[in-house]
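Following: one structure in structure tokens, then a few remarks.
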Amino acid sequence: MGSAPRSMDVTEEKIEFFRRKVVDFYLTQGRKWPWRETRDPYVVLITELLLQKTTAKQVVKVFSSFFSKFPNIGTLAKASETDIEAIIGELGLRKRAGFLRELAQHAVEEFGDKIPNTLEDLMKLKGVGLYTANAVRSFAYGMCVPVVDRNVARVLRRFFGLEGEKPAYADRELWKFAEKIMPTSACREFNYGLIDLGAMICTSREPQCSRCPLRPECAYFPRH
């Protein structure tokens, strides 16, 4: 069963409160990662693919060296697996080297030196699913599209009182709901804020409700 509202109504006032508080949280308390300082779709895409297999704290260790060595999709496509392994190997991601090279080659063949901005084209790339495609569209191209990982799914389900236990990537009802409540501006900040709230405050174990800016309207808080 997918995520759907329980008996409580999801009012426009509640949605607006949620949008405002999430953006404010990111602007004042959001985490600072180097890939958040750029809108280069190539950097966003490759970083998101690395983050699938390890933590942000690990990726940040190789971020500068990786993109200094391979500054665009063309250089990555021409690189040897050995050169790629030399940088990401310390993260335990040696097997990712061939994958990244193959993806880059495919991207160059299909789209030249440009990373596409449509969902259809992005998902043609090997290893790119809905989450990664929308991450590129949101974080690089500034589109108002949802980005739902397990942290975001947890925040949405708890705050709005949504039912559902499917993994985030498989919960199409939750994705539809997330799309419905997207703001029309500051969407990049909104998505980053949701990710950070789930990672920093609304954690799976021992959520820090006393520190949460969403607490006054949260469906989860009164029950815990």
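Order determines the names: the first chain of the structure tokens is A, the second B, and so forth; residues in each chain are numbered 1 upward, and ligands are numbered 1 upward as they are shown.
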Non-local contacts of Thr203 of chain A (12 Å; only C-alpha atoms; under 2 positions in same chain excluded) as a ChimeraX atom specification
/A:150-155,158,194-201,205-209,211-212
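For the set A:Arg19, A:Lys53, A:Arg188, A:Lys69, the residue with the smallest atom-to-atom gap to Ala140 of chain A is A:Arg188, counting only C-alpha atoms.
Taking atom CA of Asp171 of chain A and atom CA of Thr38 of chain A as endpoints, the distance between them is 29.5 Å.
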With distances taken over only C-alpha atoms, which of A:Leu119, A:Cys187, A:Val128, A:Leu45 is nearest to Met143 of chain A?
A:Cys187
Give me the residues near Ser80 of chain A as a VMD selection string, where near means some atom within 8 Å (using only C-alpha atoms) and where sequence neighbours in that chain fewer than 3 positions away do not count.
chain A and resid 83 to 84 101
Compile the contact shell of segment 9-18 of chain A as a ChimeraX atom specification: residues with an atom at most 12 Å away, counting only C-alpha atoms, same-chain residues fewer than 6 positions apart removed.
/A:24-25,155-157,159-162,177-184,190-191,193-194,197,212-219
Please identify which residues in segment 29-145 of chain A DSSP calls helix (DSSP H, G or I) from the backbone, and express them as a PyMOL selection string.
chain A and resi 29+34-37+41-51+56-69+73-78+81-91+94-111+119-122+130-139
Atomic distance atom CA of Pro222 of chain A - atom CA of Arg31 of chain A, expressed in Å with one decimal
27.5 Å
Polymer residues at most 9 Å from Trp35 of chain A, only C-alpha atoms, same-chain spacing of 3 or more positions, as number ranges by chain:
A: 32, 38-40, 43-44, 47, 60, 63
What does the file look like for those residues with all heavy atoms, as an mmCIF file, in the first residue's frame?
data_model
loop_
_atom_site.group_PDB
_atom_site.id
_atom_site.type_symbol
_atom_site.label_atom_id
_atom_site.label_comp_id
_atom_site.auth_asym_id
_atom_site.auth_seq_id
_atom_site.Cartn_x
_atom_site.Cartn_y
_atom_site.Cartn_z
ATOM 1 N N LYS A 32 26.467 22.170 4.672
ATOM 2 C CA LYS A 32 27.241 22.788 3.597
ATOM 3 C C LYS A 32 28.123 21.724 2.941
ATOM 4 O O LYS A 32 29.073 21.237 3.544
ATOM 5 C CB LYS A 32 28.113 23.926 4.155
ATOM 6 C CG LYS A 32 27.353 24.960 4.973
ATOM 7 C CD LYS A 32 26.260 25.653 4.156
ATOM 8 C CE LYS A 32 25.543 26.694 5.001
ATOM 9 N NZ LYS A 32 24.402 27.299 4.267
ATOM 10 N N THR A 38 27.325 24.517 -6.439
ATOM 11 C CA THR A 38 27.371 24.586 -7.895
ATOM 12 C C THR A 38 26.028 24.208 -8.494
ATOM 13 O O THR A 38 25.225 23.509 -7.858
ATOM 14 C CB THR A 38 28.455 23.636 -8.451
ATOM 15 O OG1 THR A 38 28.491 23.746 -9.877
ATOM 16 C CG2 THR A 38 28.153 22.190 -8.077
ATOM 17 N N ARG A 39 25.815 24.682 -9.702
ATOM 18 C CA ARG A 39 24.640 24.268 -10.467
ATOM 19 C C ARG A 39 25.068 23.535 -11.741
ATOM 20 O O ARG A 39 24.279 23.416 -12.685
ATOM 21 C CB ARG A 39 23.762 25.475 -10.798
ATOM 22 C CG ARG A 39 23.077 26.079 -9.573
ATOM 23 C CD ARG A 39 22.242 27.289 -9.941
ATOM 24 N NE ARG A 39 21.642 27.897 -8.774
ATOM 25 C CZ ARG A 39 20.410 27.642 -8.337
ATOM 26 N NH1 ARG A 39 19.656 26.757 -8.989
ATOM 27 N NH2 ARG A 39 19.916 28.250 -7.276
ATOM 28 N N ASP A 40 26.289 23.071 -11.754
ATOM 29 C CA ASP A 40 26.799 22.319 -12.895
ATOM 30 C C ASP A 40 26.125 20.949 -12.912
ATOM 31 O O ASP A 40 26.329 20.141 -12.003
ATOM 32 C CB ASP A 40 28.313 22.160 -12.758
ATOM 33 C CG ASP A 40 28.951 21.459 -13.948
ATOM 34 O OD1 ASP A 40 28.259 20.683 -14.636
ATOM 35 O OD2 ASP A 40 30.154 21.666 -14.184
ATOM 36 N N VAL A 43 28.463 17.889 -12.412
ATOM 37 C CA VAL A 43 28.920 17.708 -11.035
ATOM 38 C C VAL A 43 27.792 17.136 -10.175
ATOM 39 O O VAL A 43 28.005 16.213 -9.376
ATOM 40 C CB VAL A 43 29.427 19.038 -10.442
ATOM 41 C CG1 VAL A 43 29.782 18.863 -8.960
ATOM 42 C CG2 VAL A 43 30.631 19.540 -11.218
ATOM 43 N N VAL A 44 26.592 17.659 -10.336
ATOM 44 C CA VAL A 44 25.456 17.171 -9.556
ATOM 45 C C VAL A 44 25.187 15.703 -9.873
ATOM 46 O O VAL A 44 25.000 14.879 -8.968
ATOM 47 C CB VAL A 44 24.201 18.022 -9.831
ATOM 48 C CG1 VAL A 44 22.976 17.405 -9.155
ATOM 49 C CG2 VAL A 44 24.404 19.451 -9.336
ATOM 50 N N THR A 47 28.065 13.376 -8.523
ATOM 51 C CA THR A 47 28.031 13.357 -7.060
ATOM 52 C C THR A 47 26.874 12.507 -6.556
ATOM 53 O O THR A 47 27.028 11.709 -5.623
ATOM 54 C CB THR A 47 27.924 14.781 -6.492
ATOM 55 O OG1 THR A 47 29.030 15.564 -6.949
ATOM 56 C CG2 THR A 47 27.934 14.756 -4.973
ATOM 57 N N VAL A 60 32.950 13.891 0.154
ATOM 58 C CA VAL A 60 33.603 15.204 0.228
ATOM 59 C C VAL A 60 35.128 15.066 0.236
ATOM 60 O O VAL A 60 35.851 15.982 -0.185
ATOM 61 C CB VAL A 60 33.105 15.993 1.461
ATOM 62 C CG1 VAL A 60 33.745 15.506 2.742
ATOM 63 C CG2 VAL A 60 33.329 17.483 1.277
ATOM 64 N N PHE A 63 35.991 14.948 -3.527
ATOM 65 C CA PHE A 63 35.252 15.840 -4.415
ATOM 66 C C PHE A 63 36.184 16.729 -5.239
ATOM 67 O O PHE A 63 36.101 16.762 -6.472
ATOM 68 C CB PHE A 63 34.284 16.698 -3.605
ATOM 69 C CG PHE A 63 33.457 17.637 -4.438
ATOM 70 C CD1 PHE A 63 32.281 17.214 -5.030
ATOM 71 C CD2 PHE A 63 33.860 18.960 -4.640
ATOM 72 C CE1 PHE A 63 31.511 18.073 -5.801
ATOM 73 C CE2 PHE A 63 33.108 19.826 -5.413
ATOM 74 C CZ PHE A 63 31.930 19.378 -5.999
#
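Of the residues under consideration (A:Pro41, A:Gly127, A:Gly164, A:Gly74), A:Gly74 shows the shortest atom-to-atom contact distance to Gln105 of chain A when counting only C-alpha atoms.
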Considering only C-alpha atoms, return as an MDAnalysis selection string whatever protein or nucleic-acid residues lie within 9 Å of Glu85 of chain A, sequence-local ones (same chain, fewer than 2 positions apart) excluded.
chainID A and resid 80:83 87:90 93:98
Just to be explicit: take each residue in the selection above, keep N, CA, C and O atoms, and write the result as a PDB file, in the first residue's frame.
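Dumped everything to result-v7.pdb:
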ATOM      1  N   SER A  80      40.730   6.558 -18.163  1.00  0.00           N
ATOM      2  CA  SER A  80      40.884   5.120 -17.960  1.00  0.00           C
ATOM      3  C   SER A  80      40.263   4.744 -16.617  1.00  0.00           C
ATOM      4  O   SER A  80      40.167   5.580 -15.703  1.00  0.00           O
ATOM      5  N   GLU A  81      39.846   3.494 -16.506  1.00  0.00           N
ATOM      6  CA  GLU A  81      39.297   3.042 -15.234  1.00  0.00           C
ATOM      7  C   GLU A  81      40.335   3.175 -14.126  1.00  0.00           C
ATOM      8  O   GLU A  81      40.001   3.488 -12.983  1.00  0.00           O
ATOM      9  N   THR A  82      41.590   2.960 -14.471  1.00  0.00           N
ATOM     10  CA  THR A  82      42.668   3.063 -13.480  1.00  0.00           C
ATOM     11  C   THR A  82      42.752   4.462 -12.891  1.00  0.00           C
ATOM     12  O   THR A  82      42.915   4.636 -11.675  1.00  0.00           O
ATOM     13  N   ASP A  83      42.624   5.478 -13.762  1.00  0.00           N
ATOM     14  CA  ASP A  83      42.679   6.858 -13.282  1.00  0.00           C
ATOM     15  C   ASP A  83      41.494   7.182 -12.375  1.00  0.00           C
ATOM     16  O   ASP A  83      41.634   7.908 -11.387  1.00  0.00           O
ATOM     17  N   ILE A  87      41.221   7.709  -7.675  1.00  0.00           N
ATOM     18  CA  ILE A  87      40.589   8.747  -6.847  1.00  0.00           C
ATOM     19  C   ILE A  87      39.495   8.183  -5.956  1.00  0.00           C
ATOM     20  O   ILE A  87      39.449   8.472  -4.765  1.00  0.00           O
ATOM     21  N   ILE A  88      38.616   7.368  -6.511  1.00  0.00           N
ATOM     22  CA  ILE A  88      37.476   6.899  -5.714  1.00  0.00           C
ATOM     23  C   ILE A  88      37.756   5.578  -5.007  1.00  0.00           C
ATOM     24  O   ILE A  88      36.943   5.129  -4.193  1.00  0.00           O
ATOM     25  N   GLY A  89      38.893   4.974  -5.281  1.00  0.00           N
ATOM     26  CA  GLY A  89      39.221   3.697  -4.657  1.00  0.00           C
ATOM     27  C   GLY A  89      39.290   3.769  -3.152  1.00  0.00           C
ATOM     28  O   GLY A  89      38.915   2.820  -2.455  1.00  0.00           O
ATOM     29  N   GLU A  90      39.742   4.902  -2.618  1.00  0.00           N
ATOM     30  CA  GLU A  90      39.869   5.031  -1.169  1.00  0.00           C
ATOM     31  C   GLU A  90      38.522   5.023  -0.470  1.00  0.00           C
ATOM     32  O   GLU A  90      38.433   4.824   0.744  1.00  0.00           O
ATOM     33  N   LEU A  93      35.078   2.261  -3.610  1.00  0.00           N
ATOM     34  CA  LEU A  93      34.188   2.317  -4.770  1.00  0.00           C
ATOM     35  C   LEU A  93      34.901   1.962  -6.069  1.00  0.00           C
ATOM     36  O   LEU A  93      34.567   2.487  -7.131  1.00  0.00           O
ATOM     37  N   ARG A  94      35.851   1.071  -6.003  1.00  0.00           N
ATOM     38  CA  ARG A  94      36.600   0.717  -7.213  1.00  0.00           C
ATOM     39  C   ARG A  94      35.679   0.218  -8.330  1.00  0.00           C
ATOM     40  O   ARG A  94      35.900   0.512  -9.503  1.00  0.00           O
ATOM     41  N   LYS A  95      34.661  -0.528  -7.955  1.00  0.00           N
ATOM     42  CA  LYS A  95      33.742  -1.061  -8.964  1.00  0.00           C
ATOM     43  C   LYS A  95      32.928   0.038  -9.650  1.00  0.00           C
ATOM     44  O   LYS A  95      32.369  -0.174 -10.718  1.00  0.00           O
ATOM     45  N   ARG A  96      32.864   1.184  -9.010  1.00  0.00           N
ATOM     46  CA  ARG A  96      32.141   2.314  -9.595  1.00  0.00           C
ATOM     47  C   ARG A  96      32.902   2.946 -10.754  1.00  0.00           C
ATOM     48  O   ARG A  96      32.314   3.667 -11.562  1.00  0.00           O
ATOM     49  N   ALA A  97      34.197   2.730 -10.818  1.00  0.00           N
ATOM     50  CA  ALA A  97      35.025   3.387 -11.840  1.00  0.00           C
ATOM     51  C   ALA A  97      34.546   3.018 -13.240  1.00  0.00           C
ATOM     52  O   ALA A  97      34.324   3.893 -14.087  1.00  0.00           O
ATOM     53  N   GLY A  98      34.388   1.729 -13.502  1.00  0.00           N
ATOM     54  CA  GLY A  98      33.921   1.295 -14.817  1.00  0.00           C
ATOM     55  C   GLY A  98      32.515   1.772 -15.103  1.00  0.00           C
ATOM     56  O   GLY A  98      32.195   2.162 -16.232  1.00  0.00           O
TER      57      GLY A  98
END
The residue from A:Asp113, A:Glu189, A:Asp121, A:Glu165 with the smallest atom-to-atom distance to Glu37 of chain A, counting only C-alpha atoms, is A:Glu189
